[in-house]
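A quick write-up on the structure given underneath.
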Amino acid sequence: MGERKRLLVLGSTGSIGRQALDVCTRSEEFELVGLSAESSWEGLIEQADVHGVTQIALADQDAAARASEAWTDGRVLGGAEGLVRLVVESRAELVLNALVGSAGLGPTVATLGEGIDLALANKESLVVGGELVTALAEATGARIIPVDSEHTALHQLLAHQPPGAVERLTITASGGPFRGRSREELQDVSVKQALAHPTWAMGGKITIDSATLMNKGLEVMEAHHLFGTPYERIDVVVHPQSLVHGIVQLADGAMLAHLGPPDMRIAIAYALHGGESTPLPIVPLDLPSVGALTFEPVDLEAFPCLRIALEAARAGGTAPCVLNAANEIAVHAFLEGRLRFLEISAVIERALEECPSEPVTSFESLYEADRHARELAGETVAALS
C-alpha cells in the first residue's frame, strides 16, 4: 500500500465530523493530522486520543484554554486564527470542513489558498464567499468536492456530461418536520417539534434550517457556485422519502436521477476519495420495498425562508452574506426560546432591507457585511422578544 493521505477534519465533534471519522477508521488510506471543534473541548480531546492526533483547535477561546489545561499530549490552538493556523501548519493534503455557519469561511479560504483539496460540508463558505472562493480554488488548482447528499448526487450526475448537455438541476427537499402544514399551523410550533426531523440526524442549527427550508436556499446558492448553473435553471422540489437526492434534466428532455439510502457516509466517502465511489457497509435500497416515490411543490407562503434566500441569491453581492448572518442569529435565538418559529424569516427580511446589497470586492467587505447584519438581527430579536 502507498503512502497515506494526510487528512484534517474541521468540526469533528459534529454529526458530519463524527461520521467522517467513522469512514476514515474503515480505511487505511488516511492519516489524521488534526481535528477541530467549536467549543466541545472534552469530546475533541477524546477524539484526539482515540485517533492519535497531536494537533487540535477550538474556535471558542475559552474552550481552547480549558483544553490546554486538561490535555498535555499535543498542541491546542484557539479562536478563528487558531483554525487557520491548524490548516496551514498541519501539512494536510485534504481538509474536510464540517464547521457550522460562517465560521467555516476562514478555514475554507486558508485551505484553498494553500492549494489543498477541500471536502466541503460547510455550505456557508460558498453562500457567503461565492465567486471569491471559487476563484481562489481555480487560481491555486485546489479541488472543491461537496459533502452533501444533494450536491454529491449532482456532482456524480454531471461528471461526464459534455458542455451544453444539461438544461436544469433539481435539488430535493424532505420537507422537514412541518411538511404539509399551513402558515397558520406553524404559529406556535416548539423547538422540540422543529428539531424532530423525519429523515436526517443533524445538529441543531442545520435541523432548524431544514424545518424553515432555509437549507434549500443555501443549497441552491451552493449548487450555483459549484456547478456554474444560473439560478433560473435550479429548481427545488419536495420529496418526502429522501431517496432521490438530485436530478439533472438534459437538453433532450431526459432526466437523470440519483437514488440512494439517506446516509451521509455515502457523501462523505465520495468526497474523501476524490469523487469516486468506494465500498461501504450500507444496505442498498430495495426498490419493491420502497414502493413509490412522490414529489410536491414547495409552499413558499408557509416557508418564506426559501423565497427570501432565492431573492438574496439573485440580488447577489453581499445579500447572501447578510442573509446567512441574520439567519444564524435568528436560529440561535429560536433555539434559546427568544424567538418564535415564524419570526425567523422576519428577522432575516429586516436585515436584508436595512443592508442593501453591495458589490463584493474582497473578503474584508464580506466580514463587514456579516458584522453589520448580525448587529441588526440582534436588535430585531431583542425587539421581538
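Here, A, B, ... name the chains of the C-alpha cells in the order displayed, residue numbers run from 1 inside each chain, and ligands are numbered from 1 in the same displayed order.
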Can you pull out every residue within 10 Å of Val298 (chain A), counting only C-alpha atoms, but drop anything in the same chain fewer than 3 positions away, and send it as a list in words? Ala173, Gly175, Arg179, Gly180, Leu213, Val236, Val237, Val238, His239, Phe295, Glu301, Ala302, Phe303, Pro304, Leu306 and Arg307 of chain A
Residues of the last selection are to be written out with N, CA and C atoms, as a PDB file, in the first residue's frame.
```pdb
ATOM      1  N   ALA A 173     -35.965  18.205  -1.428  1.00  0.00           N
ATOM      2  CA  ALA A 173     -36.119  18.557  -0.018  1.00  0.00           C
ATOM      3  C   ALA A 173     -37.070  17.558   0.641  1.00  0.00           C
ATOM      4  N   GLY A 175     -38.823  18.226   3.097  1.00  0.00           N
ATOM      5  CA  GLY A 175     -39.969  18.985   3.603  1.00  0.00           C
ATOM      6  C   GLY A 175     -39.873  19.237   5.088  1.00  0.00           C
ATOM      7  N   ARG A 179     -43.734  19.520   6.970  1.00  0.00           N
ATOM      8  CA  ARG A 179     -44.249  19.377   5.600  1.00  0.00           C
ATOM      9  C   ARG A 179     -45.768  19.239   5.620  1.00  0.00           C
ATOM     10  N   GLY A 180     -46.423  20.023   4.755  1.00  0.00           N
ATOM     11  CA  GLY A 180     -47.877  19.943   4.647  1.00  0.00           C
ATOM     12  C   GLY A 180     -48.627  20.885   5.560  1.00  0.00           C
ATOM     13  N   LEU A 213     -36.821  25.446   5.711  1.00  0.00           N
ATOM     14  CA  LEU A 213     -36.411  25.290   4.314  1.00  0.00           C
ATOM     15  C   LEU A 213     -35.343  26.301   3.891  1.00  0.00           C
ATOM     16  N   VAL A 236     -36.176  23.509  -6.823  1.00  0.00           N
ATOM     17  CA  VAL A 236     -36.310  22.786  -5.558  1.00  0.00           C
ATOM     18  C   VAL A 236     -37.668  22.101  -5.562  1.00  0.00           C
ATOM     19  N   VAL A 237     -37.688  20.822  -5.213  1.00  0.00           N
ATOM     20  CA  VAL A 237     -38.935  20.069  -5.157  1.00  0.00           C
ATOM     21  C   VAL A 237     -38.953  19.252  -3.870  1.00  0.00           C
ATOM     22  N   VAL A 238     -40.113  19.143  -3.253  1.00  0.00           N
ATOM     23  CA  VAL A 238     -40.252  18.357  -2.027  1.00  0.00           C
ATOM     24  C   VAL A 238     -40.395  16.886  -2.384  1.00  0.00           C
ATOM     25  N   HIS A 239     -39.564  16.080  -1.737  1.00  0.00           N
ATOM     26  CA  HIS A 239     -39.570  14.628  -1.965  1.00  0.00           C
ATOM     27  C   HIS A 239     -39.462  13.957  -0.591  1.00  0.00           C
ATOM     28  N   PHE A 295     -43.410  13.463  -5.248  1.00  0.00           N
ATOM     29  CA  PHE A 295     -42.813  14.790  -5.347  1.00  0.00           C
ATOM     30  C   PHE A 295     -43.913  15.843  -5.227  1.00  0.00           C
ATOM     31  N   GLU A 301     -45.453  30.234   0.906  1.00  0.00           N
ATOM     32  CA  GLU A 301     -46.171  31.055   1.878  1.00  0.00           C
ATOM     33  C   GLU A 301     -45.922  30.535   3.289  1.00  0.00           C
ATOM     34  N   ALA A 302     -45.986  29.228   3.444  1.00  0.00           N
ATOM     35  CA  ALA A 302     -45.748  28.633   4.757  1.00  0.00           C
ATOM     36  C   ALA A 302     -44.269  28.663   5.124  1.00  0.00           C
ATOM     37  N   PHE A 303     -43.402  28.592   4.109  1.00  0.00           N
ATOM     38  CA  PHE A 303     -41.960  28.533   4.347  1.00  0.00           C
ATOM     39  C   PHE A 303     -41.257  29.662   3.582  1.00  0.00           C
ATOM     40  N   PRO A 304     -41.421  30.902   4.047  1.00  0.00           N
ATOM     41  CA  PRO A 304     -40.902  32.049   3.306  1.00  0.00           C
ATOM     42  C   PRO A 304     -39.378  32.134   3.275  1.00  0.00           C
ATOM     43  N   LEU A 306     -37.232  30.110   2.166  1.00  0.00           N
ATOM     44  CA  LEU A 306     -36.709  29.703   0.867  1.00  0.00           C
ATOM     45  C   LEU A 306     -36.894  30.828  -0.153  1.00  0.00           C
ATOM     46  N   ARG A 307     -38.058  31.455  -0.153  1.00  0.00           N
ATOM     47  CA  ARG A 307     -38.287  32.587  -1.065  1.00  0.00           C
ATOM     48  C   ARG A 307     -37.281  33.711  -0.804  1.00  0.00           C
TER      49      ARG A 307
END
```
Skipping near chain neighbours, those fewer than 5 positions away, what residues fall within 7 Å of Met214 (chain A) using only C-alpha atoms, listed as a PyMOL selection string? chain A and resi 209+305-306+309
Restricted to N, CA and C atoms, what would the selected residues look like written as a short mmCIF file (atom, residue, chain, number, x, y, z; two decimals), in the first residue's frame?
```
data_model
loop_
_atom_site.label_atom_id
_atom_site.label_comp_id
_atom_site.auth_asym_id
_atom_site.auth_seq_id
_atom_site.Cartn_x
_atom_site.Cartn_y
_atom_site.Cartn_z
N ASP A 209 -32.71 24.90 10.06
CA ASP A 209 -32.68 25.36 8.66
C ASP A 209 -33.50 24.43 7.77
N CYS A 305 -38.69 31.40 4.16
CA CYS A 305 -37.23 31.49 4.17
C CYS A 305 -36.63 31.08 2.83
N LEU A 306 -37.23 30.11 2.17
CA LEU A 306 -36.71 29.70 0.87
C LEU A 306 -36.89 30.83 -0.15
N ALA A 309 -34.34 33.50 0.57
CA ALA A 309 -33.00 33.07 0.17
C ALA A 309 -32.80 33.17 -1.33
#
```
Residue contacts of Thr380 (chain A) (12 Å, only C-alpha atoms) excluding same-chain residues fewer than 2 positions away, as a list in words: Ala326, Asn327, Ile329, Ala330, Ala333, Arg338, Leu339, Glu343, Ile344, Ser345, Ala346, Val347, Ile348, Glu349, Arg350, Ala351, Glu354, Ala373, Arg374, Glu375, Leu376, Ala377, Gly378, Ala382, Ala383, Leu384 and Ser385 of chain A
Deliver the residues from the most recent selection as a file, using N, CA and C atoms, as a PDB file, in the first residue's frame.
```
ATOM      1  N   ALA A 326     -27.878  36.917   9.359  1.00  0.00           N
ATOM      2  CA  ALA A 326     -29.141  37.143  10.058  1.00  0.00           C
ATOM      3  C   ALA A 326     -29.820  35.821  10.407  1.00  0.00           C
ATOM      4  N   ASN A 327     -29.724  34.860   9.509  1.00  0.00           N
ATOM      5  CA  ASN A 327     -30.316  33.550   9.765  1.00  0.00           C
ATOM      6  C   ASN A 327     -29.652  32.877  10.959  1.00  0.00           C
ATOM      7  N   ILE A 329     -28.202  34.277  13.532  1.00  0.00           N
ATOM      8  CA  ILE A 329     -28.662  34.950  14.752  1.00  0.00           C
ATOM      9  C   ILE A 329     -30.089  34.537  15.091  1.00  0.00           C
ATOM     10  N   ALA A 330     -30.958  34.513  14.086  1.00  0.00           N
ATOM     11  CA  ALA A 330     -32.369  34.191  14.316  1.00  0.00           C
ATOM     12  C   ALA A 330     -32.548  32.750  14.771  1.00  0.00           C
ATOM     13  N   ALA A 333     -31.473  32.349  18.334  1.00  0.00           N
ATOM     14  CA  ALA A 333     -32.478  32.908  19.239  1.00  0.00           C
ATOM     15  C   ALA A 333     -33.678  31.977  19.376  1.00  0.00           C
ATOM     16  N   ARG A 338     -36.054  32.562  22.486  1.00  0.00           N
ATOM     17  CA  ARG A 338     -36.219  34.018  22.464  1.00  0.00           C
ATOM     18  C   ARG A 338     -36.944  34.511  21.224  1.00  0.00           C
ATOM     19  N   LEU A 339     -37.311  33.578  20.336  1.00  0.00           N
ATOM     20  CA  LEU A 339     -37.941  33.945  19.064  1.00  0.00           C
ATOM     21  C   LEU A 339     -38.905  32.839  18.670  1.00  0.00           C
ATOM     22  N   GLU A 343     -40.998  33.980  13.257  1.00  0.00           N
ATOM     23  CA  GLU A 343     -40.260  35.241  13.364  1.00  0.00           C
ATOM     24  C   GLU A 343     -38.843  35.133  12.805  1.00  0.00           C
ATOM     25  N   ILE A 344     -38.380  33.917  12.571  1.00  0.00           N
ATOM     26  CA  ILE A 344     -37.048  33.736  11.984  1.00  0.00           C
ATOM     27  C   ILE A 344     -36.969  34.463  10.648  1.00  0.00           C
ATOM     28  N   SER A 345     -37.960  34.271   9.799  1.00  0.00           N
ATOM     29  CA  SER A 345     -37.947  34.909   8.485  1.00  0.00           C
ATOM     30  C   SER A 345     -38.076  36.424   8.601  1.00  0.00           C
ATOM     31  N   ALA A 346     -38.815  36.917   9.606  1.00  0.00           N
ATOM     32  CA  ALA A 346     -38.978  38.357   9.791  1.00  0.00           C
ATOM     33  C   ALA A 346     -37.645  39.021  10.133  1.00  0.00           C
ATOM     34  N   VAL A 347     -36.850  38.365  10.961  1.00  0.00           N
ATOM     35  CA  VAL A 347     -35.525  38.889  11.329  1.00  0.00           C
ATOM     36  C   VAL A 347     -34.636  38.980  10.090  1.00  0.00           C
ATOM     37  N   ILE A 348     -34.685  37.952   9.257  1.00  0.00           N
ATOM     38  CA  ILE A 348     -33.840  37.916   8.060  1.00  0.00           C
ATOM     39  C   ILE A 348     -34.266  38.990   7.063  1.00  0.00           C
ATOM     40  N   GLU A 349     -35.570  39.133   6.851  1.00  0.00           N
ATOM     41  CA  GLU A 349     -36.062  40.135   5.897  1.00  0.00           C
ATOM     42  C   GLU A 349     -35.683  41.550   6.318  1.00  0.00           C
ATOM     43  N   ARG A 350     -35.766  41.838   7.621  1.00  0.00           N
ATOM     44  CA  ARG A 350     -35.410  43.189   8.068  1.00  0.00           C
ATOM     45  C   ARG A 350     -33.924  43.444   7.828  1.00  0.00           C
ATOM     46  N   ALA A 351     -33.078  42.458   8.105  1.00  0.00           N
ATOM     47  CA  ALA A 351     -31.637  42.641   7.880  1.00  0.00           C
ATOM     48  C   ALA A 351     -31.351  42.939   6.410  1.00  0.00           C
ATOM     49  N   GLU A 354     -32.403  46.519   5.614  1.00  0.00           N
ATOM     50  CA  GLU A 354     -31.542  47.538   6.208  1.00  0.00           C
ATOM     51  C   GLU A 354     -30.111  47.487   5.675  1.00  0.00           C
ATOM     52  N   ALA A 373     -24.890  42.857   9.646  1.00  0.00           N
ATOM     53  CA  ALA A 373     -26.129  42.072   9.622  1.00  0.00           C
ATOM     54  C   ALA A 373     -26.407  41.427  10.970  1.00  0.00           C
ATOM     55  N   ARG A 374     -25.372  40.958  11.627  1.00  0.00           N
ATOM     56  CA  ARG A 374     -25.557  40.342  12.951  1.00  0.00           C
ATOM     57  C   ARG A 374     -26.035  41.367  13.980  1.00  0.00           C
ATOM     58  N   GLU A 375     -25.498  42.560  13.908  1.00  0.00           N
ATOM     59  CA  GLU A 375     -25.946  43.616  14.820  1.00  0.00           C
ATOM     60  C   GLU A 375     -27.427  43.918  14.610  1.00  0.00           C
ATOM     61  N   LEU A 376     -27.814  44.100  13.346  1.00  0.00           N
ATOM     62  CA  LEU A 376     -29.211  44.402  13.036  1.00  0.00           C
ATOM     63  C   LEU A 376     -30.135  43.260  13.445  1.00  0.00           C
ATOM     64  N   ALA A 377     -29.711  42.046  13.156  1.00  0.00           N
ATOM     65  CA  ALA A 377     -30.547  40.885  13.511  1.00  0.00           C
ATOM     66  C   ALA A 377     -30.696  40.774  15.024  1.00  0.00           C
ATOM     67  N   GLY A 378     -29.624  41.040  15.752  1.00  0.00           N
ATOM     68  CA  GLY A 378     -29.695  41.009  17.206  1.00  0.00           C
ATOM     69  C   GLY A 378     -30.658  42.046  17.754  1.00  0.00           C
ATOM     70  N   ALA A 382     -34.158  41.288  19.815  1.00  0.00           N
ATOM     71  CA  ALA A 382     -34.444  41.933  21.097  1.00  0.00           C
ATOM     72  C   ALA A 382     -35.785  42.647  21.078  1.00  0.00           C
ATOM     73  N   ALA A 383     -36.112  43.284  19.949  1.00  0.00           N
ATOM     74  CA  ALA A 383     -37.377  43.997  19.844  1.00  0.00           C
ATOM     75  C   ALA A 383     -38.581  43.046  19.830  1.00  0.00           C
ATOM     76  N   LEU A 384     -38.380  41.855  19.271  1.00  0.00           N
ATOM     77  CA  LEU A 384     -39.468  40.880  19.177  1.00  0.00           C
ATOM     78  C   LEU A 384     -39.628  40.041  20.437  1.00  0.00           C
ATOM     79  N   SER A 385     -38.578  39.973  21.233  1.00  0.00           N
ATOM     80  CA  SER A 385     -38.596  39.110  22.437  1.00  0.00           C
ATOM     81  C   SER A 385     -39.559  39.661  23.489  1.00  0.00           C
TER      82      SER A 385
END
```
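Distance annotation: of A:Leu8, A:Arg181, A:Ala98, A:Leu157, the residue with the minimal separation from Ile116 (chain A) is A:Leu8; atom set is only C-alpha atoms.
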Give me every alpha helix (DSSP H) residue in region 56-263 of chain A, going by DSSP on the backbone, as a VMD selection string. chain A and resid 61 to 70 79 to 89 105 to 113 124 to 140 149 to 158 191 to 194 204 to 212 214 to 227
Which of region 145-187 of chain A DSSP labels strand (DSSP E or B), written as a CSV table (one decimal) with C-alpha atoms, in the first residue's frame:
```csv
chain,number,residue,atom,x,y,z
A,145,ILE,CA,-15.7,18.4,-3.6
A,146,PRO,CA,-19.1,18.8,-1.9
A,166,VAL,CA,-27.5,19.9,-19.1
A,167,GLU,CA,-30.7,22.0,-19.1
A,168,ARG,CA,-31.7,22.2,-15.4
A,169,LEU,CA,-30.7,20.9,-11.9
A,170,THR,CA,-33.2,19.9,-9.3
A,171,ILE,CA,-32.5,19.7,-5.6
A,172,THR,CA,-34.8,17.7,-3.5
A,173,ALA,CA,-36.1,18.6,0.0
```
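For the pair CA of Gly52 (chain A) and CA of Leu35 (chain A), the interatomic distance is 10.6 Å.
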10 Å contact set for Glu89 (chain A), only C-alpha atoms, chain neighbours under 5 positions out, as a PyMOL selection string: chain A and resi 33-34+55+84
note - CA of Gly113 (chain A) and CA of Val87 (chain A) are separated by 10.3 Å
Exercise: region 182-197 of chain A partners within 6 Å, only C-alpha atoms, chain neighbours under 6 positions left out, as number ranges by chain: A: 176, 207, 211, 302
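Each of A:Leu293, A:Gly43, A:Gln156, A:Ser36 was compared to Pro107 (chain A) using only C-alpha atoms, and A:Ser36 turns out to be the nearest.
Atom to atom, CA of Val23 (chain A) and CA of Ala269 (chain A) stand 6.5 Å apart.
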